[in-house]
file model37.txt (compact mmCIF, C-alpha atoms and all ligand atoms)
# COMPACT_ATOMS: atom_id res chain seq x y z
CA MET J 1 -3.94 -2.32 5.36
CA ASN J 2 -0.31 -2.90 4.72
CA LEU J 3 0.58 -1.88 1.18
CA SER J 4 4.06 -1.35 -0.18
CA LEU J 5 5.34 0.19 -3.40
CA GLU J 6 6.52 -3.23 -4.60
CA ALA J 7 3.08 -4.74 -3.94
CA VAL J 8 1.12 -2.15 -5.94
CA ASP J 9 3.47 -0.99 -8.69
CA PRO J 10 3.07 -1.28 -11.61
CA GLN J 11 0.08 -3.61 -11.66
CA GLY J 12 -2.07 -1.75 -9.13
CA ILE J 13 -4.29 -2.91 -6.27
CA SER J 14 -7.17 -5.35 -6.58
CA PRO J 15 -10.85 -4.27 -6.50
CA GLU J 16 -11.12 -5.96 -3.08
CA THR J 17 -8.35 -3.79 -1.66
CA ALA J 18 -9.90 -0.70 -3.24
CA LEU J 19 -13.19 -1.45 -1.48
CA GLU J 20 -11.37 -1.92 1.79
CA ILE J 21 -9.81 1.53 1.37
CA LEU J 22 -13.18 3.12 0.68
CA LYS J 23 -14.38 1.70 4.01
CA ALA J 24 -11.23 2.64 5.94
CA SER J 25 -10.92 5.00 8.92
CA PRO J 26 -9.40 8.50 8.54
CA GLU J 27 -6.17 7.29 10.20
CA GLU J 28 -5.85 4.42 7.73
CA ILE J 29 -6.31 6.83 4.83
CA TYR J 30 -3.64 9.22 6.14
CA SER J 31 -1.29 6.26 6.44
CA LEU J 32 -1.69 5.63 2.70
CA PHE J 33 -0.56 9.13 1.70
CA PRO J 34 3.20 8.35 1.75
CA LEU J 35 2.56 5.53 -0.74
CA THR J 36 0.17 7.47 -3.00
CA SER J 37 2.59 10.44 -2.99
CA GLN J 38 5.51 8.13 -3.72
CA LEU J 39 3.69 6.72 -6.76
CA ARG J 40 2.83 10.19 -8.02
CA GLU J 41 6.45 11.28 -7.58
CA LYS J 42 7.77 8.14 -9.24
CA TYR J 43 5.81 8.79 -12.44
CA PHE J 44 5.48 12.57 -12.46
CA GLY J 45 8.15 13.95 -10.13
CA LYS J 46 7.07 17.30 -8.69
CA LYS J 47 5.11 18.20 -11.81
CA VAL J 48 1.42 18.99 -11.76
CA LYS J 49 -0.63 19.35 -14.92
CA LEU J 50 -3.20 22.08 -15.24
CA CYS J 51 -6.06 21.98 -17.69
CA SER J 52 -8.79 24.45 -18.46
CA ILE J 53 -11.93 24.43 -20.53
CA VAL J 54 -14.29 26.63 -22.45
CA ASN J 55 -17.99 25.86 -22.50
CA ALA J 56 -18.22 26.70 -26.19
CA LYS J 57 -21.90 25.82 -26.64
CA SER J 58 -24.20 25.74 -23.66
CA GLY J 59 -27.59 24.22 -22.93
CA HIS J 60 -30.51 22.98 -25.08
CA CYS J 61 -29.13 19.46 -24.93
CA SER J 62 -31.32 16.63 -26.20
CA GLU J 63 -29.80 14.23 -23.66
CA SER J 64 -30.92 13.49 -20.14
CA CYS J 65 -27.98 13.11 -17.76
CA GLY J 66 -29.22 13.50 -14.19
CA PHE J 67 -26.32 15.68 -13.01
CA CYS J 68 -26.35 18.15 -15.89
CA PRO J 69 -28.12 21.52 -15.89
CA GLN J 70 -27.61 21.82 -19.66
CA SER J 71 -30.18 19.13 -20.44
CA ALA J 72 -33.35 20.43 -22.11
CA HIS J 73 -35.22 17.79 -20.08
CA PHE J 74 -34.74 19.81 -16.89
CA LYS J 75 -36.61 23.11 -17.08
CA GLU J 76 -35.66 25.08 -13.97
CA THR J 77 -31.88 24.95 -14.00
CA ASN J 78 -31.38 28.62 -14.93
CA VAL J 79 -28.23 27.73 -16.80
CA GLU J 80 -26.95 30.22 -19.34
CA THR J 81 -27.62 28.94 -22.87
CA TYR J 82 -25.96 30.05 -26.09
CA PRO J 83 -25.08 28.63 -29.52
CA LEU J 84 -21.56 27.66 -30.55
CA MET J 85 -19.04 30.48 -30.03
CA ASP J 86 -17.06 31.56 -33.04
CA ALA J 87 -13.52 30.27 -33.55
CA ASP J 88 -11.87 33.59 -32.62
CA LYS J 89 -13.63 33.66 -29.26
CA ILE J 90 -12.71 30.06 -28.43
CA ALA J 91 -9.08 30.72 -29.37
CA HIS J 92 -9.10 33.90 -27.28
CA VAL J 93 -10.22 31.97 -24.18
CA ALA J 94 -7.47 29.42 -24.91
CA GLU J 95 -4.84 32.16 -25.04
CA ASP J 96 -5.99 33.49 -21.66
CA SER J 97 -5.84 29.98 -20.17
CA TRP J 98 -2.33 29.54 -21.51
CA LYS J 99 -1.28 32.80 -19.84
CA ASN J 100 -2.85 31.52 -16.58
CA GLY J 101 -0.49 28.53 -16.57
CA SER J 102 -2.67 25.92 -18.20
CA ASN J 103 -1.01 23.30 -20.40
CA GLU J 104 -4.12 21.58 -21.75
CA PHE J 105 -7.23 23.28 -23.05
CA SER J 106 -10.51 21.62 -23.86
CA ILE J 107 -13.31 22.84 -26.11
CA VAL J 108 -16.51 21.48 -24.57
CA THR J 109 -19.93 21.58 -26.22
CA SER J 110 -23.37 20.50 -25.04
CA GLY J 111 -25.37 17.97 -27.03
CA TYR J 112 -25.33 14.33 -28.02
CA GLY J 113 -22.51 14.89 -30.50
CA MET J 114 -21.17 17.25 -33.14
CA GLU J 115 -21.99 16.16 -36.66
CA ASP J 116 -23.25 19.51 -38.00
CA GLY J 117 -20.84 20.46 -40.81
CA GLU J 118 -20.84 24.19 -40.05
CA GLU J 119 -20.26 23.68 -36.34
CA LEU J 120 -17.52 21.19 -37.00
CA ALA J 121 -15.80 23.70 -39.30
CA VAL J 122 -15.82 26.24 -36.43
CA ILE J 123 -14.18 23.72 -34.11
CA GLU J 124 -11.56 22.89 -36.76
CA GLU J 125 -10.81 26.59 -37.22
CA ALA J 126 -10.54 27.07 -33.44
CA LEU J 127 -8.14 24.13 -33.16
CA GLN J 128 -5.97 25.54 -35.92
CA GLN J 129 -5.85 28.93 -34.19
CA ILE J 130 -5.04 27.38 -30.80
CA THR J 131 -2.18 25.32 -32.21
CA ALA J 132 -0.86 28.37 -34.11
CA LYS J 133 -1.04 30.84 -31.22
CA THR J 134 -0.30 28.82 -28.08
CA GLU J 135 1.71 25.90 -26.77
CA LEU J 136 -1.38 24.26 -25.33
CA ASP J 137 -2.27 20.64 -25.96
CA PRO J 138 -5.71 21.00 -27.55
CA CYS J 139 -8.46 18.75 -26.24
CA ALA J 140 -12.12 18.52 -27.21
CA SER J 141 -15.19 17.12 -25.53
CA LEU J 142 -17.91 17.11 -28.16
CA GLY J 143 -19.98 14.14 -27.12
CA ILE J 144 -20.60 10.98 -29.09
CA VAL J 145 -19.06 11.70 -32.48
CA SER J 146 -18.24 9.45 -35.41
CA ILE J 147 -14.82 8.10 -36.25
CA GLU J 148 -14.77 10.31 -39.38
CA THR J 149 -15.34 13.40 -37.24
CA LEU J 150 -12.53 12.34 -34.91
CA ARG J 151 -10.22 11.95 -37.90
CA ARG J 152 -11.08 15.46 -39.11
CA LEU J 153 -10.46 16.89 -35.64
CA LYS J 154 -7.09 15.18 -35.42
CA GLU J 155 -6.09 16.62 -38.77
CA ALA J 156 -7.07 20.07 -37.48
CA GLY J 157 -4.62 19.69 -34.56
CA LEU J 158 -6.56 17.87 -31.86
CA VAL J 159 -4.32 15.93 -29.45
CA ASN J 160 -6.72 14.68 -26.74
CA TYR J 161 -10.34 13.63 -26.90
CA HIS J 162 -12.26 13.79 -23.64
CA HIS J 163 -15.30 11.63 -23.09
CA ASN J 164 -16.66 10.57 -19.74
CA ILE J 165 -18.31 7.23 -19.12
CA GLU J 166 -19.90 9.13 -16.19
CA THR J 167 -20.17 6.28 -13.66
CA ALA J 168 -20.12 2.52 -13.15
CA ARG J 169 -21.67 0.41 -15.90
CA SER J 170 -24.21 -1.01 -13.39
CA PHE J 171 -25.33 2.52 -12.39
CA HIS J 172 -25.14 4.32 -15.75
CA GLY J 173 -28.79 3.71 -16.65
CA GLU J 174 -29.92 5.38 -13.42
CA ILE J 175 -28.14 8.58 -14.37
CA VAL J 176 -28.09 8.73 -18.17
CA LYS J 177 -31.50 8.04 -19.70
CA THR J 178 -31.00 8.81 -23.38
CA HIS J 179 -27.88 6.98 -24.49
CA SER J 180 -26.13 3.81 -23.46
CA PHE J 181 -22.91 2.92 -21.72
CA GLU J 182 -21.90 1.10 -24.90
CA GLU J 183 -22.22 4.34 -26.91
CA GLU J 184 -19.92 6.07 -24.41
CA LEU J 185 -17.37 3.27 -24.81
CA GLN J 186 -17.55 3.27 -28.60
CA VAL J 187 -16.52 6.91 -28.99
CA ILE J 188 -13.56 6.22 -26.71
CA ARG J 189 -12.54 3.22 -28.83
CA ASN J 190 -12.89 5.36 -31.97
CA ALA J 191 -10.76 8.15 -30.55
CA LYS J 192 -8.04 5.65 -29.71
CA GLU J 193 -8.27 4.11 -33.14
CA VAL J 194 -7.55 7.41 -34.89
CA GLY J 195 -4.55 8.00 -32.63
CA LEU J 196 -5.93 10.56 -30.20
CA ASN J 197 -5.04 10.48 -26.50
CA VAL J 198 -8.14 9.70 -24.50
CA CYS J 199 -9.21 11.37 -21.30
CA ALA J 200 -12.05 9.30 -19.81
CA GLY J 201 -13.63 9.50 -16.39
CA GLY J 202 -16.80 10.71 -14.78
CA ILE J 203 -18.49 11.89 -11.63
CA PHE J 204 -18.54 10.45 -8.12
CA GLY J 205 -21.18 11.15 -5.50
CA MET J 206 -24.30 10.62 -7.61
CA GLY J 207 -25.82 7.96 -5.36
CA GLU J 208 -23.61 5.06 -6.41
CA THR J 209 -22.60 2.48 -3.81
CA LEU J 210 -19.02 2.00 -2.63
CA GLU J 211 -18.91 -1.18 -4.75
CA GLN J 212 -19.98 0.86 -7.78
CA ARG J 213 -17.22 3.41 -7.11
CA VAL J 214 -14.74 0.54 -7.30
CA GLU J 215 -16.47 -0.85 -10.41
CA PHE J 216 -16.20 2.57 -12.05
CA VAL J 217 -12.48 2.95 -11.31
CA PHE J 218 -11.72 -0.54 -12.64
CA GLU J 219 -13.84 0.04 -15.76
CA VAL J 220 -11.69 3.10 -16.47
CA LYS J 221 -8.58 1.00 -15.87
CA LYS J 222 -9.85 -1.46 -18.49
CA ILE J 223 -10.39 1.37 -20.99
CA ASP J 224 -6.74 2.31 -20.39
CA PRO J 225 -7.06 6.06 -21.12
CA ALA J 226 -4.13 8.46 -21.02
CA SER J 227 -5.88 10.43 -18.28
CA PHE J 228 -8.53 9.76 -15.67
CA PRO J 229 -10.51 12.93 -14.87
CA ILE J 230 -12.30 12.65 -11.52
CA ASN J 231 -15.25 14.95 -10.84
CA PHE J 232 -17.20 15.16 -7.59
CA LEU J 233 -20.86 16.02 -7.92
CA ASN J 234 -21.70 19.65 -7.33
CA PRO J 235 -25.50 19.30 -7.26
CA ARG J 236 -27.16 21.78 -9.58
CA PRO J 237 -30.60 23.25 -8.86
CA GLY J 238 -33.32 21.94 -11.14
CA THR J 239 -31.57 18.66 -11.95
CA PRO J 240 -32.75 15.29 -10.60
CA LEU J 241 -29.62 15.20 -8.42
CA GLU J 242 -30.10 18.66 -6.91
CA ASN J 243 -30.40 17.26 -3.38
CA CYS J 244 -27.71 14.60 -3.72
CA LYS J 245 -24.98 15.54 -1.25
CA GLU J 246 -23.17 12.30 -0.59
CA LEU J 247 -19.47 12.99 -0.40
CA THR J 248 -17.34 14.11 2.51
CA PRO J 249 -13.86 15.52 1.87
CA LEU J 250 -12.40 12.22 3.13
CA ASP J 251 -14.57 10.24 0.70
CA CYS J 252 -13.08 12.31 -2.12
CA LEU J 253 -9.54 11.62 -0.91
CA LYS J 254 -10.29 7.90 -0.69
CA ILE J 255 -11.54 7.92 -4.31
CA ILE J 256 -8.37 9.69 -5.47
CA ALA J 257 -6.20 7.26 -3.48
CA ILE J 258 -7.81 4.12 -4.91
CA SER J 259 -7.51 5.60 -8.39
CA ARG J 260 -3.77 6.21 -7.98
CA LEU J 261 -3.25 2.80 -6.37
CA ALA J 262 -5.26 1.05 -9.10
CA MET J 263 -3.53 2.90 -11.95
CA PRO J 264 -0.08 3.90 -10.65
CA ALA J 265 1.21 5.47 -13.87
CA LYS J 266 -1.89 7.27 -15.19
CA ASP J 267 -2.57 10.97 -15.23
CA ILE J 268 -5.20 11.51 -12.56
CA PHE J 269 -6.92 14.88 -12.66
CA VAL J 270 -9.31 16.25 -10.04
CA LEU J 271 -11.71 18.53 -11.86
CA GLY J 272 -15.29 19.61 -11.20
CA GLY J 273 -16.58 19.87 -7.65
CA ARG J 274 -13.11 20.15 -6.11
CA GLU J 275 -13.81 23.29 -4.09
CA VAL J 276 -17.29 22.43 -2.81
CA ASN J 277 -16.57 18.80 -1.93
CA LEU J 278 -13.02 18.97 -0.57
CA ARG J 279 -13.35 22.36 1.05
CA GLU J 280 -10.24 23.02 3.22
CA LEU J 281 -8.72 19.66 2.23
CA GLN J 282 -8.23 20.61 -1.43
CA SER J 283 -4.47 20.64 -1.30
CA LEU J 284 -4.46 17.03 -0.04
CA ILE J 285 -5.52 15.80 -3.50
CA PHE J 286 -1.83 15.68 -4.43
CA LEU J 287 -0.90 13.66 -1.34
CA ALA J 288 -3.74 11.28 -2.21
CA GLY J 289 -2.17 10.79 -5.63
CA ALA J 290 -3.62 13.27 -8.12
CA ASN J 291 -1.12 14.84 -10.52
CA GLY J 292 -3.41 17.29 -12.25
CA THR J 293 -6.27 19.66 -11.69
CA MET J 294 -8.18 22.43 -13.37
CA VAL J 295 -7.70 26.18 -13.38
CA GLY J 296 -10.46 28.65 -14.03
CA ASN J 297 -14.16 27.94 -14.32
CA TYR J 298 -15.96 24.65 -14.76
CA LEU J 299 -18.68 24.07 -17.33
CA THR J 300 -21.56 25.74 -15.57
CA THR J 301 -20.06 26.78 -12.24
CA ALA J 302 -17.28 29.13 -11.21
CA GLY J 303 -13.96 27.75 -10.00
CA ARG J 304 -11.38 29.39 -7.77
CA ALA J 305 -9.37 32.26 -9.21
CA PRO J 306 -6.52 30.72 -11.27
CA ASP J 307 -3.79 32.33 -9.16
CA GLU J 308 -5.16 30.67 -5.98
CA THR J 309 -4.82 27.21 -7.55
CA VAL J 310 -1.34 28.04 -8.81
CA ARG J 311 -0.34 29.29 -5.35
CA MET J 312 -1.70 26.14 -3.67
CA ILE J 313 0.53 24.02 -5.94
CA HIS J 314 3.61 26.16 -5.29
CA ASP J 315 2.93 26.19 -1.53
CA LEU J 316 3.12 22.39 -1.60
CA GLY J 317 6.55 22.54 -3.21
CA LEU J 318 5.17 21.22 -6.48
CA GLU J 319 5.69 22.69 -9.94
CA ILE J 320 3.36 23.30 -12.84
CA VAL J 321 4.17 21.50 -16.07
CA ALA J 322 5.06 24.00 -18.77
CA ALA J 323 2.98 23.88 -21.93
CA HIS J 324 5.08 22.04 -24.46
CA HIS J 325 3.22 21.89 -27.74
CA VAL J 326 5.27 23.84 -30.29
CA PRO J 327 3.09 26.51 -31.91
CA ASN J 328 2.40 25.91 -35.56
CA PRO J 329 2.95 29.31 -37.21
CA SER J 330 0.97 28.48 -40.36
S1 LIG J 401 -23.69 15.82 -19.90
FE1 LIG J 401 -23.52 16.40 -22.07
S2 LIG J 401 -24.89 14.99 -23.12
FE2 LIG J 401 -25.48 14.92 -20.94
S3 LIG J 401 -27.12 16.47 -20.73
FE3 LIG J 401 -25.18 17.49 -20.26
S4 LIG J 401 -24.52 18.42 -22.20
FE4 LIG J 401 -26.06 16.87 -22.67

call {"tool": "encode", "arguments": {"input": "model37.txt", "output": "structure tokens", "more": "lines below"}}
Ligand code: SF4
result
Amino acid sequence: MNLSLEAVDPQGISPETALEILKASPEEIYSLFPLTSQLREKYFGKKVKLCSIVNAKSGHCSESCGFCPQSAHFKETNVETYPLMDADKIAHVAEDSWKNGSNEFSIVTSGYGMEDGEELAVIEEALQQITAKTELDPCASLGIVSIETLRRLKEAGLVNYHHNIETARSFHGEIVKTHSFEEELQVIRNAKEVGLNVCAGGIFGMGETLEQRVEFVFEVKKIDPASFPINFLNPRPGTPLENCKELTPLDCLKIIAISRLAMPAKDIFVLGGREVNLRELQSLIFLAGANGTMVGNYLTTAGRAPDETVRMIHDLGLEIVAAHHVPNPS
């Protein structure tokens, strides 16, 4: 593999090259790190973005996504379930995240979507409080919502809408049994149409082939989101994927590298499953090309303490992007 900056930037590598990288030896992967780091530095300098989330409504979900312990279809997951938090509590978690160095904050809820008027009003109130009290870029991940709902959320201060396509189109039906790939795409199109930034990605290590990993990355490239959030499966007890342990730390680094090389200028975040899948190689995500990660807890599992993630970034000589949204004092 002999790739140069001129050959990959800005158009990115081909799917064939991406597949070759996924099959490469450890030495070949290490030899790509100068290029993936160079691309990250070209577009983001030394800056790393940190996002955090609140699981604002947990469990009892009507949907069946094979990786998710919040689905009501899977009975023995022992996940904590609760109804939608109130706006004050959501805003309080956001303030804590801001103090921990986060610059983006996402309100995440379980369920197909969020069309209940009362619940939507709580989210709007939370967004207003977050934009008034912090400099965070507010994000929401509320499932498959209508374009009208997205408009309302934007008016309430939403900046980013997060929605994962989960995996490759050819593998989606194996994992998600209750809604279609097309429904996932439509909400992303709608969010773009109302002027929201889109964060769209999914989960690797769910039994997909190497070809499907490439298909997934290039499907995301086609969507052209502002950010590509990469998750690595952390198998949850009681879900159909509880015994699915497919990824090595090097597999994870290869996935990050092909993502950076396919989409040189995109925000690439490494989110769920970072600790358990990368283990001691976590800090190499930035050499492989990521320019963002998460602080604090994931949806249903605990993450590293925020100060450990912050220290890892500083130890690498990188800097955390300061939150830049100007608080709205109204
Ligand atoms: S991923 Fe979302 S939609 Fe799917 S089961 Fe979990 S909470 Fe429900």

call {"tool": "residues_around", "arguments": {"input": "model37.txt", "residues": "Arg274 (chain J)", "least_positions_apart": "4", "cutoff": "10 Å", "atoms": "all atoms listed in the file", "output": "list in words"}}
result
Ile230, Asn231, Phe232, Leu233, Asn234, Pro249, Cys252, Val270, Leu278, Arg279, Leu281, Gln282, Ser283, Ile285, Thr293, Met294, Gly303 and Arg304 of chain J

call {"tool": "closest_residue", "arguments": {"input": "model37.txt", "among": "J:Cys65, J:Val214, J:Ala7, J:Leu120", "to": "ligand LIG 401 (chain J)", "atoms": "all atoms listed in the file"}}
result
J:Cys65

call {"tool": "residues_near_ligand", "arguments": {"input": "model37.txt", "ligand": "ligand LIG 401 (chain J)", "cutoff": "7 Å", "atoms": "all atoms listed in the file", "output": "PyMOL selection string"}}
result
chain J and resi 59+61-65+68-71+109-112+143

call {"tool": "write_last_selection", "arguments": {"input": "model37.txt", "atoms": "C-alpha atoms", "output": "PDB file, in the frame of the given file"}}
result
ATOM      1  CA  GLY J  59     -27.590  24.220 -22.930  1.00  0.00           C
ATOM      2  CA  CYS J  61     -29.130  19.460 -24.930  1.00  0.00           C
ATOM      3  CA  SER J  62     -31.320  16.630 -26.200  1.00  0.00           C
ATOM      4  CA  GLU J  63     -29.800  14.230 -23.660  1.00  0.00           C
ATOM      5  CA  SER J  64     -30.920  13.490 -20.140  1.00  0.00           C
ATOM      6  CA  CYS J  65     -27.980  13.110 -17.760  1.00  0.00           C
ATOM      7  CA  CYS J  68     -26.350  18.150 -15.890  1.00  0.00           C
ATOM      8  CA  PRO J  69     -28.120  21.520 -15.890  1.00  0.00           C
ATOM      9  CA  GLN J  70     -27.610  21.820 -19.660  1.00  0.00           C
ATOM     10  CA  SER J  71     -30.180  19.130 -20.440  1.00  0.00           C
ATOM     11  CA  THR J 109     -19.930  21.580 -26.220  1.00  0.00           C
ATOM     12  CA  SER J 110     -23.370  20.500 -25.040  1.00  0.00           C
ATOM     13  CA  GLY J 111     -25.370  17.970 -27.030  1.00  0.00           C
ATOM     14  CA  TYR J 112     -25.330  14.330 -28.020  1.00  0.00           C
ATOM     15  CA  GLY J 143     -19.980  14.140 -27.120  1.00  0.00           C
TER      16      GLY J 143
END

call {"tool": "closest_residue", "arguments": {"input": "model37.txt", "among": "J:Ser170, J:Thr178, J:Asn160, J:Asn103", "to": "Lys47 (chain J)", "atoms": "only C-alpha atoms"}}
result
J:Asn103

call {"tool": "atom_distance", "arguments": {"input": "model37.txt", "atom1": "CA of Ile144 (chain J)", "atom2": "CA of His163 (chain J)"}}
result
8.0 Å

call {"tool": "atom_distance", "arguments": {"input": "model37.txt", "atom1": "CA of Glu208 (chain J)", "atom2": "CA of Ala290 (chain J)"}}
result
21.7 Å

call {"tool": "atom_distance", "arguments": {"input": "model37.txt", "atom1": "CA of Lys133 (chain J)", "atom2": "CA of Asn197 (chain J)"}}
result
21.3 Å

call {"tool": "decode", "arguments": {"input": "model37.txt", "residues": "region 80-109 of chain J", "atoms": "N, CA and C atoms", "output": "tab-separated table (two decimals), in the first residue's frame"}}
result
chain	number	residue	atom	x	y	z
J	80	GLU	N	-31.52	-0.39	33.14
J	80	GLU	CA	-32.35	0.50	33.94
J	80	GLU	C	-33.36	1.18	33.02
J	81	THR	N	-34.63	1.19	33.42
J	81	THR	CA	-35.64	1.85	32.58
J	81	THR	C	-36.27	3.00	33.36
J	82	TYR	N	-36.55	4.07	32.65
J	82	TYR	CA	-37.24	5.21	33.28
J	82	TYR	C	-37.86	6.08	32.20
J	83	PRO	N	-38.92	6.83	32.57
J	83	PRO	CA	-39.55	7.72	31.58
J	83	PRO	C	-38.67	8.95	31.34
J	84	LEU	N	-39.15	9.83	30.47
J	84	LEU	CA	-38.36	11.01	30.10
J	84	LEU	C	-38.04	11.86	31.34
J	85	MET	N	-36.79	12.20	31.50
J	85	MET	CA	-36.37	13.10	32.59
J	85	MET	C	-37.02	14.47	32.39
J	86	ASP	N	-37.09	15.25	33.45
J	86	ASP	CA	-37.61	16.60	33.24
J	86	ASP	C	-36.50	17.50	32.68
J	87	ALA	N	-36.93	18.66	32.18
J	87	ALA	CA	-36.00	19.55	31.47
J	87	ALA	C	-34.87	20.01	32.38
J	88	ASP	N	-35.19	20.29	33.65
J	88	ASP	CA	-34.16	20.78	34.58
J	88	ASP	C	-33.05	19.76	34.73
J	89	LYS	N	-33.46	18.48	34.85
J	89	LYS	CA	-32.46	17.43	35.06
J	89	LYS	C	-31.56	17.27	33.83
J	90	ILE	N	-32.18	17.30	32.66
J	90	ILE	CA	-31.39	17.18	31.42
J	90	ILE	C	-30.39	18.34	31.34
J	91	ALA	N	-30.88	19.54	31.63
J	91	ALA	CA	-30.00	20.72	31.55
J	91	ALA	C	-28.88	20.64	32.59
J	92	HIS	N	-29.21	20.07	33.75
J	92	HIS	CA	-28.20	19.93	34.80
J	92	HIS	C	-27.06	19.00	34.35
J	93	VAL	N	-27.45	17.88	33.71
J	93	VAL	CA	-26.41	16.96	33.21
J	93	VAL	C	-25.56	17.68	32.16
J	94	ALA	N	-26.22	18.48	31.32
J	94	ALA	CA	-25.49	19.23	30.28
J	94	ALA	C	-24.47	20.17	30.92
J	95	GLU	N	-24.88	20.86	31.97
J	95	GLU	CA	-23.95	21.79	32.63
J	95	GLU	C	-22.73	21.06	33.18
J	96	ASP	N	-22.98	19.87	33.77
J	96	ASP	CA	-21.84	19.08	34.29
J	96	ASP	C	-20.91	18.68	33.15
J	97	SER	N	-21.49	18.28	32.02
J	97	SER	CA	-20.67	17.85	30.87
J	97	SER	C	-19.83	19.01	30.37
J	98	TRP	N	-20.42	20.18	30.34
J	98	TRP	CA	-19.72	21.38	29.90
J	98	TRP	C	-18.51	21.62	30.80
J	99	LYS	N	-18.74	21.48	32.12
J	99	LYS	CA	-17.64	21.68	33.07
J	99	LYS	C	-16.56	20.62	32.88
J	100	ASN	N	-16.94	19.43	32.41
J	100	ASN	CA	-15.96	18.35	32.19
J	100	ASN	C	-15.21	18.50	30.88
J	101	GLY	N	-15.45	19.58	30.13
J	101	GLY	CA	-14.68	19.83	28.91
J	101	GLY	C	-15.39	19.50	27.62
J	102	SER	N	-16.63	19.03	27.73
J	102	SER	CA	-17.37	18.67	26.54
J	102	SER	C	-17.72	19.91	25.73
J	103	ASN	N	-17.77	19.77	24.39
J	103	ASN	CA	-18.27	20.92	23.61
J	103	ASN	C	-19.54	20.61	22.87
J	104	GLU	N	-19.94	19.35	22.83
J	104	GLU	CA	-21.24	18.98	22.25
J	104	GLU	C	-21.96	18.11	23.25
J	105	PHE	N	-23.27	18.25	23.28
J	105	PHE	CA	-24.05	17.49	24.27
J	105	PHE	C	-25.31	16.99	23.60
J	106	SER	N	-25.53	15.67	23.70
J	106	SER	CA	-26.69	15.11	23.02
J	106	SER	C	-27.72	14.55	23.99
J	107	ILE	N	-28.97	14.92	23.72
J	107	ILE	CA	-30.10	14.35	24.47
J	107	ILE	C	-30.56	13.12	23.70
J	108	VAL	N	-30.45	11.96	24.32
J	108	VAL	CA	-30.78	10.70	23.64
J	108	VAL	C	-31.99	10.07	24.32
J	109	THR	N	-32.94	9.61	23.52
J	109	THR	CA	-34.12	8.94	24.10
J	109	THR	C	-34.33	7.60	23.41
